[in-house]
$ cat protein.txt   # compact mmCIF, C-alpha atoms
# COMPACT_ATOMS: atom_id res chain seq x y z
CA LEU A 260 0.36 -1.34 2.22
CA HIS A 261 -1.31 -1.86 -1.15
CA THR A 262 -3.99 -4.52 -0.95
CA ARG A 263 -6.69 -3.59 -3.49
CA ALA A 264 -5.67 -2.58 -6.99
CA ARG A 265 -8.88 -0.79 -7.86
CA TYR A 266 -7.87 2.09 -5.58
CA LEU A 267 -5.64 3.02 -8.54
CA LEU A 268 -8.86 3.90 -10.36
CA PHE A 269 -10.95 5.15 -7.45
CA ILE A 270 -8.52 7.92 -6.54
CA PRO A 271 -8.27 9.41 -10.06
CA TRP A 272 -12.06 9.24 -10.34
CA LEU A 273 -12.49 11.15 -7.10
CA ALA A 274 -9.95 13.72 -8.28
CA GLN A 275 -11.95 14.23 -11.48
CA ILE A 276 -15.06 14.95 -9.44
CA ALA A 277 -13.28 17.28 -7.01
CA ALA A 278 -11.51 19.17 -9.81
CA SER A 279 -14.70 20.99 -10.78
CA LYS A 280 -15.40 22.19 -7.22
CA LYS A 281 -14.33 25.45 -5.63
CA ASP A 282 -12.75 23.84 -2.55
CA GLN A 283 -10.96 21.06 -4.39
CA LEU A 284 -8.95 19.61 -1.50
CA GLY A 285 -11.92 19.75 0.85
CA TRP A 286 -14.14 18.03 -1.68
CA PHE A 287 -11.50 15.41 -2.44
CA GLU A 288 -11.20 14.44 1.23
CA TRP A 289 -14.97 14.44 1.66
CA LEU A 290 -15.35 12.16 -1.37
CA GLU A 291 -12.79 9.70 0.01
CA ARG A 292 -14.68 9.49 3.30
CA GLU A 293 -18.00 9.27 1.46
CA MET A 294 -16.62 6.35 -0.56
CA ILE A 295 -15.60 4.53 2.63
CA ALA A 296 -19.12 5.02 4.05
CA ARG A 297 -20.71 3.64 0.88
CA PHE A 298 -18.42 0.60 0.92
CA LEU A 299 -19.42 -0.16 4.49
CA GLU A 300 -23.13 0.22 3.75
CA ASP A 301 -23.61 -1.42 0.33
CA GLY A 302 -24.75 -4.94 1.14
CA THR A 303 -25.42 -5.70 -2.54
CA VAL A 304 -21.66 -6.25 -3.07
CA PRO A 305 -20.06 -9.42 -1.60
CA ASP A 306 -17.81 -8.82 1.41
CA ASP A 307 -14.70 -10.04 -0.45
CA ASP A 308 -15.21 -7.24 -2.97
CA ARG A 309 -16.27 -4.63 -0.42
CA ILE A 310 -14.78 -5.10 3.07
CA SER A 311 -11.57 -7.10 2.58
CA GLY A 312 -8.73 -4.61 2.13
CA LEU A 313 -10.92 -1.55 2.65
CA ILE A 314 -9.05 1.33 4.24
CA GLY A 315 -11.38 2.34 7.07
CA ASN A 316 -13.14 -1.01 7.44
CA ARG A 317 -12.84 -0.63 11.24
CA ALA A 318 -12.56 3.10 11.88
CA GLY A 319 -15.07 4.00 9.19
CA PRO A 320 -15.10 7.37 7.37
CA GLN A 321 -13.19 8.98 10.25
CA VAL A 322 -10.07 6.90 9.55
CA LYS A 323 -6.88 8.97 9.77
CA GLN A 324 -4.99 7.59 6.76
CA LEU A 325 -7.09 7.99 3.63
CA PRO A 326 -6.63 5.86 0.49
CA SER A 327 -4.94 8.69 -1.43
CA THR A 328 -2.21 8.87 1.22
CA ALA A 329 -1.44 5.17 0.85
CA TYR A 330 -1.67 4.98 -2.94
CA TRP A 331 -0.46 8.32 -4.30
CA THR A 332 3.18 7.23 -4.69
CA ALA A 333 2.02 4.10 -6.52
CA LEU A 334 -0.09 6.18 -8.91
CA ASP A 335 3.07 8.08 -9.82
CA ALA A 336 5.42 5.08 -9.94
CA TRP A 337 3.16 3.06 -12.24
CA GLY A 338 2.36 5.92 -14.60
CA VAL A 339 -1.33 6.17 -13.72
CA LEU A 340 -0.56 9.79 -12.86
CA SER A 341 1.02 11.11 -16.07
CA LEU A 342 2.24 14.37 -14.54
CA PRO A 343 3.96 13.78 -11.17
CA GLY A 344 2.89 16.04 -8.32
CA SER A 345 1.15 16.14 -4.97
CA VAL A 346 -2.60 15.84 -4.53
CA ALA A 347 -2.91 19.63 -4.27
CA GLU A 348 -0.73 20.22 -7.34
CA THR A 349 -2.67 17.67 -9.37
CA LEU A 350 -6.05 19.11 -8.45
CA ASP A 351 -4.80 22.60 -9.28
CA ARG A 352 -3.68 21.43 -12.73
CA MET A 353 -7.15 20.01 -13.29
CA ARG A 354 -8.84 23.25 -12.20
CA MET A 355 -11.09 25.06 -14.63
CA ARG A 356 -9.46 28.33 -15.68
CA PRO A 357 -11.43 31.61 -15.79
CA GLY A 358 -12.52 33.02 -19.12
CA ARG A 359 -13.95 29.81 -20.53
CA SER A 360 -17.55 29.61 -21.74
CA ASN A 361 -19.87 26.99 -20.29
CA SER A 362 -20.04 25.21 -23.63
CA ASP A 363 -16.29 24.63 -23.48
CA ASP A 364 -16.20 23.33 -19.91
CA ALA A 365 -16.72 19.66 -20.70
CA ASP A 366 -14.13 19.65 -23.48
CA GLU A 367 -11.55 21.45 -21.36
CA LEU A 368 -12.04 19.13 -18.40
CA ALA A 369 -11.73 16.08 -20.64
CA GLU A 370 -8.50 17.41 -22.16
CA ARG A 371 -7.02 18.15 -18.74
CA HIS A 372 -7.90 14.73 -17.34
CA VAL A 373 -6.32 12.91 -20.28
CA SER A 374 -3.10 14.93 -20.00
CA ILE A 375 -2.81 14.42 -16.23
CA TRP A 376 -4.05 10.83 -15.88
CA ASP A 377 -3.33 7.84 -18.10
CA PRO A 378 -6.22 7.43 -20.58
CA GLY A 379 -6.88 3.97 -19.16
CA VAL A 380 -8.36 5.59 -16.06
CA GLY A 381 -11.44 6.42 -18.07
CA ASP A 382 -14.50 8.37 -17.00
CA VAL A 383 -16.07 8.33 -13.54
CA PRO A 384 -18.86 5.73 -13.34
CA GLU A 385 -22.23 7.43 -13.09
CA GLY A 386 -23.26 7.87 -9.47
CA PHE A 387 -19.84 7.04 -8.00
CA PRO A 388 -19.24 7.11 -5.06
CA SER A 389 -22.40 8.40 -3.35
CA ASP A 390 -24.93 6.27 -5.24
CA THR A 391 -22.84 3.28 -6.30
CA ILE A 392 -19.44 1.72 -5.65
CA ASP A 393 -19.54 0.14 -9.11
CA GLY A 394 -18.95 -3.46 -8.05
CA GLY A 395 -16.53 -2.61 -5.27
CA PHE A 396 -12.94 -3.79 -5.51
CA ARG A 397 -13.46 -6.37 -8.24
CA LEU A 398 -11.55 -5.24 -11.32
CA LYS A 399 -13.40 -5.42 -14.61
CA PRO A 400 -11.57 -7.33 -17.37
CA HIS A 401 -10.55 -4.21 -19.30
CA GLU A 402 -9.33 -2.58 -16.08
CA ALA A 403 -7.22 -5.61 -15.21
CA SER A 404 -5.68 -5.69 -18.70
CA TRP A 405 -4.88 -1.99 -18.50
CA LEU A 406 -3.29 -2.31 -15.06
CA ARG A 407 -1.25 -5.32 -16.17
CA GLU A 408 0.11 -3.24 -19.05
CA ARG A 409 0.96 -0.41 -16.64
CA TRP A 410 2.92 -2.77 -14.39
CA LEU A 411 4.79 -4.44 -17.23
CA ARG A 412 5.77 -1.05 -18.67
CA THR A 413 6.82 0.65 -15.43
CA ALA A 414 7.91 -2.23 -13.16
CA GLY A 415 9.73 -4.53 -15.56
CA GLY A 416 12.18 -6.90 -13.89
CA SER A 417 10.27 -6.84 -10.61
CA MET A 418 8.42 -9.55 -8.73
CA LEU A 419 5.18 -7.74 -9.55
CA ALA A 420 5.89 -7.93 -13.29
CA HIS A 421 6.79 -11.61 -12.92
CA LEU A 422 3.51 -12.42 -11.20
CA VAL A 423 1.28 -10.66 -13.73
CA THR A 424 3.23 -12.26 -16.59
CA GLU A 425 2.84 -15.76 -15.16
CA GLY A 426 -0.79 -15.14 -14.27
CA GLN A 427 -0.86 -17.81 -11.59
CA HIS A 428 -3.42 -17.72 -8.79
CA LEU A 429 -1.67 -16.94 -5.51
CA SER A 430 -2.06 -19.04 -2.40
CA ASP A 431 -2.83 -17.57 1.03
CA ALA A 432 0.89 -17.47 1.89
CA TRP A 433 1.75 -14.79 4.45
CA ALA A 434 4.98 -13.73 2.72
CA PRO A 435 6.40 -13.85 -0.83
CA TRP A 436 9.25 -16.21 0.12
CA VAL A 437 6.73 -18.93 0.97
CA GLU A 438 4.54 -18.25 -2.08
CA PRO A 439 5.17 -20.91 -4.79
CA ALA A 440 4.38 -18.50 -7.63
CA CYS A 441 7.18 -16.20 -6.46
CA ARG A 442 9.78 -18.95 -6.41
CA SER A 443 9.77 -19.23 -10.22
CA ALA A 444 11.05 -15.68 -10.70
CA ASP A 445 14.46 -14.83 -12.16
CA ALA A 446 17.54 -15.26 -9.98
CA SER A 447 18.03 -11.49 -9.63
CA ILE A 448 14.50 -11.10 -8.25
CA LEU A 449 14.91 -14.08 -5.93
CA ALA A 450 18.13 -12.55 -4.56
CA VAL A 451 16.21 -9.43 -3.49
CA MET A 452 13.45 -11.59 -2.00
CA ASP A 453 16.04 -13.52 0.02
CA GLU A 454 17.31 -10.22 1.44
CA ALA A 455 13.74 -9.35 2.41
CA GLU A 456 13.32 -12.70 4.17
CA ARG A 457 16.56 -12.23 6.12
CA PHE A 458 15.50 -8.75 7.20
CA SER A 459 12.03 -9.92 8.25
CA LEU A 460 13.36 -12.93 10.15
CA ALA A 461 16.09 -10.97 11.93
CA LEU A 462 13.87 -8.07 13.00
CA GLY A 463 11.12 -10.40 14.22
CA GLY A 464 13.28 -11.22 17.21
CA ALA A 465 13.88 -7.57 18.05
CA ARG A 466 10.13 -6.99 18.08
CA SER A 467 9.47 -9.97 20.35
CA LEU A 468 12.29 -9.02 22.74
CA TYR A 469 10.97 -5.46 22.94
CA GLN A 470 7.52 -6.75 23.85
CA LEU A 471 9.02 -8.95 26.58
CA ARG A 472 11.13 -6.15 28.09
CA LEU A 473 8.17 -3.75 27.96
CA ALA A 474 5.99 -6.29 29.79
CA GLU A 475 8.66 -6.82 32.43
CA GLU A 476 9.03 -3.08 33.05
CA TYR A 477 5.25 -2.63 33.11
CA VAL A 478 4.83 -5.19 35.88
CA ALA A 479 7.96 -4.05 37.76
CA HIS A 480 6.56 -0.53 38.01
CA GLY A 481 3.33 -1.78 39.55
CA PHE A 482 0.98 -1.32 36.61
CA ASP A 483 -1.85 -3.85 36.39
CA ARG A 484 -4.57 -2.47 34.14
CA VAL A 485 -3.50 -4.81 31.34
CA ASP A 486 -3.03 -8.51 32.08
CA VAL A 487 0.45 -9.68 31.07
CA ASP A 488 0.93 -13.31 30.02
CA PHE A 489 4.68 -13.78 30.32
CA ASP A 490 4.45 -17.39 29.17
CA GLU A 491 2.87 -16.27 25.90
CA VAL A 492 5.40 -13.48 25.34
CA ARG A 493 8.38 -15.75 26.08
CA ALA A 494 6.91 -18.51 23.92
CA GLU A 495 6.81 -16.10 20.99
CA LEU A 496 10.48 -15.26 21.50
CA ASP A 497 11.37 -18.96 21.77
CA ALA A 498 9.45 -19.71 18.58
CA TRP A 499 11.44 -17.02 16.81
CA ALA A 500 14.72 -18.52 18.05
CA ASP A 501 13.64 -21.95 16.75
CA GLU A 502 12.78 -20.45 13.36
CA VAL A 503 16.15 -18.72 13.12
CA SER A 504 17.89 -22.03 13.90
CA ALA A 505 15.85 -23.84 11.27
CA ARG A 506 16.69 -21.20 8.65
CA ALA A 507 20.34 -20.74 9.63
CA GLU A 508 21.56 -21.54 6.12
CA LEU A 509 19.84 -18.38 4.91
CA PHE A 510 22.54 -16.39 6.72
CA ASP A 511 25.58 -18.47 5.71
CA GLY A 512 28.20 -16.12 4.27
CA TRP A 513 25.80 -13.17 4.42
CA GLU A 514 27.04 -9.67 5.15
CA PRO A 515 24.77 -6.73 6.09
CA ALA A 516 26.77 -4.56 3.67
CA GLU A 517 25.28 -6.52 0.77
CA PHE A 518 21.80 -5.99 2.16
CA TRP A 519 22.32 -2.23 2.51
CA ALA A 520 23.75 -1.97 -1.00
CA CYS A 521 20.53 -3.54 -2.28
CA VAL A 522 18.28 -1.30 -0.20
CA LEU A 523 20.16 1.95 -0.81
CA SER A 524 20.12 1.37 -4.57
CA GLU A 525 16.36 1.97 -4.36
CA ASN A 526 16.10 4.38 -1.41
CA THR A 527 18.99 6.53 -0.20
CA ARG A 528 16.96 8.18 2.57
CA ILE A 529 17.24 5.40 5.16
CA ASP A 530 17.81 6.83 8.64
CA PRO A 531 21.44 6.09 9.74
CA LEU A 532 20.19 5.21 13.24
CA SER A 533 17.85 2.61 11.74
CA ARG A 534 20.76 1.13 9.82
CA ARG A 535 22.95 1.01 12.93
CA PHE A 536 20.18 -0.62 14.97
CA PHE A 537 19.80 -3.41 12.45
CA ASP A 538 23.56 -3.97 12.13
CA VAL A 539 24.03 -4.16 15.91
CA TRP A 540 20.97 -6.37 16.36
CA PHE A 541 22.09 -8.75 13.61
$ encode --input "protein.txt" --output "structure tokens"
Amino acid sequence: LHTRARYLLFIPWLAQIAASKKDQLGWFEWLEREMIARFLEDGTVPDDDRISGLIGNRAGPQVKQLPSTAYWTALDAWGVLSLPGSVAETLDRMRMRPGRSNSDDADELAERHVSIWDPGVGDVPEGFPSDTIDGGFRLKPHEASWLRERWLRTAGGSMLAHLVTEGQHLSDAWAPWVEPACRSADASILAVMDEAERFSLALGGARSLYQLRLAEEYVAHGFDRVDVDFDEVRAELDAWADEVSARAELFDGWEPAEFWACVLSENTRIDPLSRRFFDVWF
């Protein structure tokens, strides 16, 4: 879900701009879409720092899920947002109050921003986002140092904290359990990662089987608008079965109850039907 860390700065900057407007929420959404448009158009920034990981890189400014939706919880969890609250609540707290003279506006806004956002967020770059995207997604050294400090302070004992402490360059591994830098973490972190691998591997088969059954029903009911390659769908399911066999030791002595104890210690709102589906499928 979170692929580009500089969104943790972009969103507070956009909130600072929108806070001084009458229609704060409307302006905030417009600014997010404006930022997406500028990212897509600014050819002066390399694609790796502009397109890769951009929310809206295909749908453009009309994308349904905006960056603030994806990153707001992270802003709270990592202490970038000093006062927890929704987007609307945060913008309201930043609102200029009546009865202030124009000469006091700048000072009041600065005070509000510092109290609501971590000081490391800093001021909005001049011209952002309509005139410049300020180098795109590439973090500046002082931004990276600040974000590393945020993670170490708020996510200690996690894989994220381990990775920023070690400072190793990551490979292009598709999952953390095949990433060498992750394998040097503490045993308690590796135990959680093993649970994640089991869950991913187990549910991969359910997904492939669903696709096969859906294809079979599609053809059986006479639909033909979409070409169905049964060999490809069945090959995917067979490949999953081979992978499960090759990784069988991962499940030796494993009980779903231990998995759920791990998950529910972090999130108690898991749907009981989702839990039952996984238990029956496993």
$ residues_around --input "protein.txt" --residues "region 459-472 of chain A" --least-positions-apart "3" --cutoff "8 Å" --atoms "all atoms listed in the file" --output "list in words"
Ala455, Glu456, Glu475, Glu476, Phe489, Val492, Arg493, Glu495, Leu496, Trp499, Ala500, Val503, Phe537, Trp540 and Phe541 of chain A
$ atom_distance --input "protein.txt" --atom1 "CA of Ser430 (chain A)" --atom2 "CA of Ala414 (chain A)"
22.3 Å
$ closest_residue --input "protein.txt" --among "A:Pro320, A:Gly426, A:Pro515, A:Pro305" --to "Arg407 (chain A)" --atoms "only C-alpha atoms"
A:Gly426
$ atom_distance --input "protein.txt" --atom1 "CA of Asp511 (chain A)" --atom2 "CA of Arg442 (chain A)"
19.9 Å
$ closest_atom_pairs --input "protein.txt" --of "region 289-333 of chain A" --to "region 375-391 of chain A" --cutoff "8 Å" --atoms "only C-alpha atoms" --output "CSV"
residue,atom,partner,partner_atom,distance
A:Leu290,CA,A:Pro388,CA,7.4
A:Glu293,CA,A:Ser389,CA,6.6
A:Met294,CA,A:Pro388,CA,5.3
A:Arg297,CA,A:Ser389,CA,6.6
$ closest_residue --input "protein.txt" --among "A:Glu454, A:Asp483, A:Asp308, A:Glu288" --to "Ala264 (chain A)" --atoms "all atoms listed in the file"
A:Asp308
$ closest_residue --input "protein.txt" --among "A:Arg292, A:Lys281, A:Arg263, A:Arg352" --to "Phe396 (chain A)" --atoms "all atoms listed in the file"
A:Arg263
$ atom_distance --input "protein.txt" --atom1 "CA of Ile314 (chain A)" --atom2 "CA of Tyr330 (chain A)"
10.9 Å
$ closest_residue --input "protein.txt" --among "A:Ser443, A:Thr413, A:Ser374, A:Gln283" --to "Ser341 (chain A)" --atoms "all atoms listed in the file"
A:Ser374
$ residues_near_point --input "protein.txt" --point "(-7.9, 24.6, -5.7)" --cutoff "10 Å" --atoms "only C-alpha atoms" --output "list in words"
Ala277, Ala278, Ser279, Lys280, Lys281, Asp282, Gln283, Leu284, Gly285, Trp286, Ala347, Glu348, Thr349, Leu350, Asp351, Arg352, Met353, Arg354 and Met355 of chain A
$ residues_around --input "protein.txt" --residues "Gly319 (chain A)" --least-positions-apart "5" --cutoff "8 Å" --atoms "only C-alpha atoms" --output "CSV table (one decimal) with C-alpha atoms, in the frame of the given file"
chain,number,residue,atom,x,y,z
A,295,ILE,CA,-15.6,4.5,2.6
A,296,ALA,CA,-19.1,5.0,4.0
A,299,LEU,CA,-19.4,-0.2,4.5
$ residues_around --input "protein.txt" --residues "Trp405 (chain A)" --least-positions-apart "2" --cutoff "12 Å" --atoms "all atoms listed in the file" --output "PDB file with C-alpha atoms, keeping the file's coordinate frame"
ATOM      1  CA  ALA A 264      -5.670  -2.580  -6.990  1.00  0.00           C
ATOM      2  CA  ARG A 265      -8.880  -0.790  -7.860  1.00  0.00           C
ATOM      3  CA  LEU A 267      -5.640   3.020  -8.540  1.00  0.00           C
ATOM      4  CA  LEU A 268      -8.860   3.900 -10.360  1.00  0.00           C
ATOM      5  CA  TRP A 337       3.160   3.060 -12.240  1.00  0.00           C
ATOM      6  CA  GLY A 338       2.360   5.920 -14.600  1.00  0.00           C
ATOM      7  CA  VAL A 339      -1.330   6.170 -13.720  1.00  0.00           C
ATOM      8  CA  ASP A 377      -3.330   7.840 -18.100  1.00  0.00           C
ATOM      9  CA  PRO A 378      -6.220   7.430 -20.580  1.00  0.00           C
ATOM     10  CA  GLY A 379      -6.880   3.970 -19.160  1.00  0.00           C
ATOM     11  CA  VAL A 380      -8.360   5.590 -16.060  1.00  0.00           C
ATOM     12  CA  GLY A 381     -11.440   6.420 -18.070  1.00  0.00           C
ATOM     13  CA  LEU A 398     -11.550  -5.240 -11.320  1.00  0.00           C
ATOM     14  CA  LYS A 399     -13.400  -5.420 -14.610  1.00  0.00           C
ATOM     15  CA  PRO A 400     -11.570  -7.330 -17.370  1.00  0.00           C
ATOM     16  CA  HIS A 401     -10.550  -4.210 -19.300  1.00  0.00           C
ATOM     17  CA  GLU A 402      -9.330  -2.580 -16.080  1.00  0.00           C
ATOM     18  CA  ALA A 403      -7.220  -5.610 -15.210  1.00  0.00           C
ATOM     19  CA  ARG A 407      -1.250  -5.320 -16.170  1.00  0.00           C
ATOM     20  CA  GLU A 408       0.110  -3.240 -19.050  1.00  0.00           C
ATOM     21  CA  ARG A 409       0.960  -0.410 -16.640  1.00  0.00           C
ATOM     22  CA  TRP A 410       2.920  -2.770 -14.390  1.00  0.00           C
ATOM     23  CA  LEU A 411       4.790  -4.440 -17.230  1.00  0.00           C
ATOM     24  CA  ARG A 412       5.770  -1.050 -18.670  1.00  0.00           C
ATOM     25  CA  VAL A 423       1.280 -10.660 -13.730  1.00  0.00           C
TER      26      VAL A 423
END
$ axis_aligned_box --input "protein.txt" --around "region 394-407 of chain A" --padding-each-side "4 Å" --output "JSON"
{"center_x": -10.1, "center_y": -4.7, "center_z": -12.3, "size_x": 25.7, "size_y": 13.3, "size_z": 22.0}
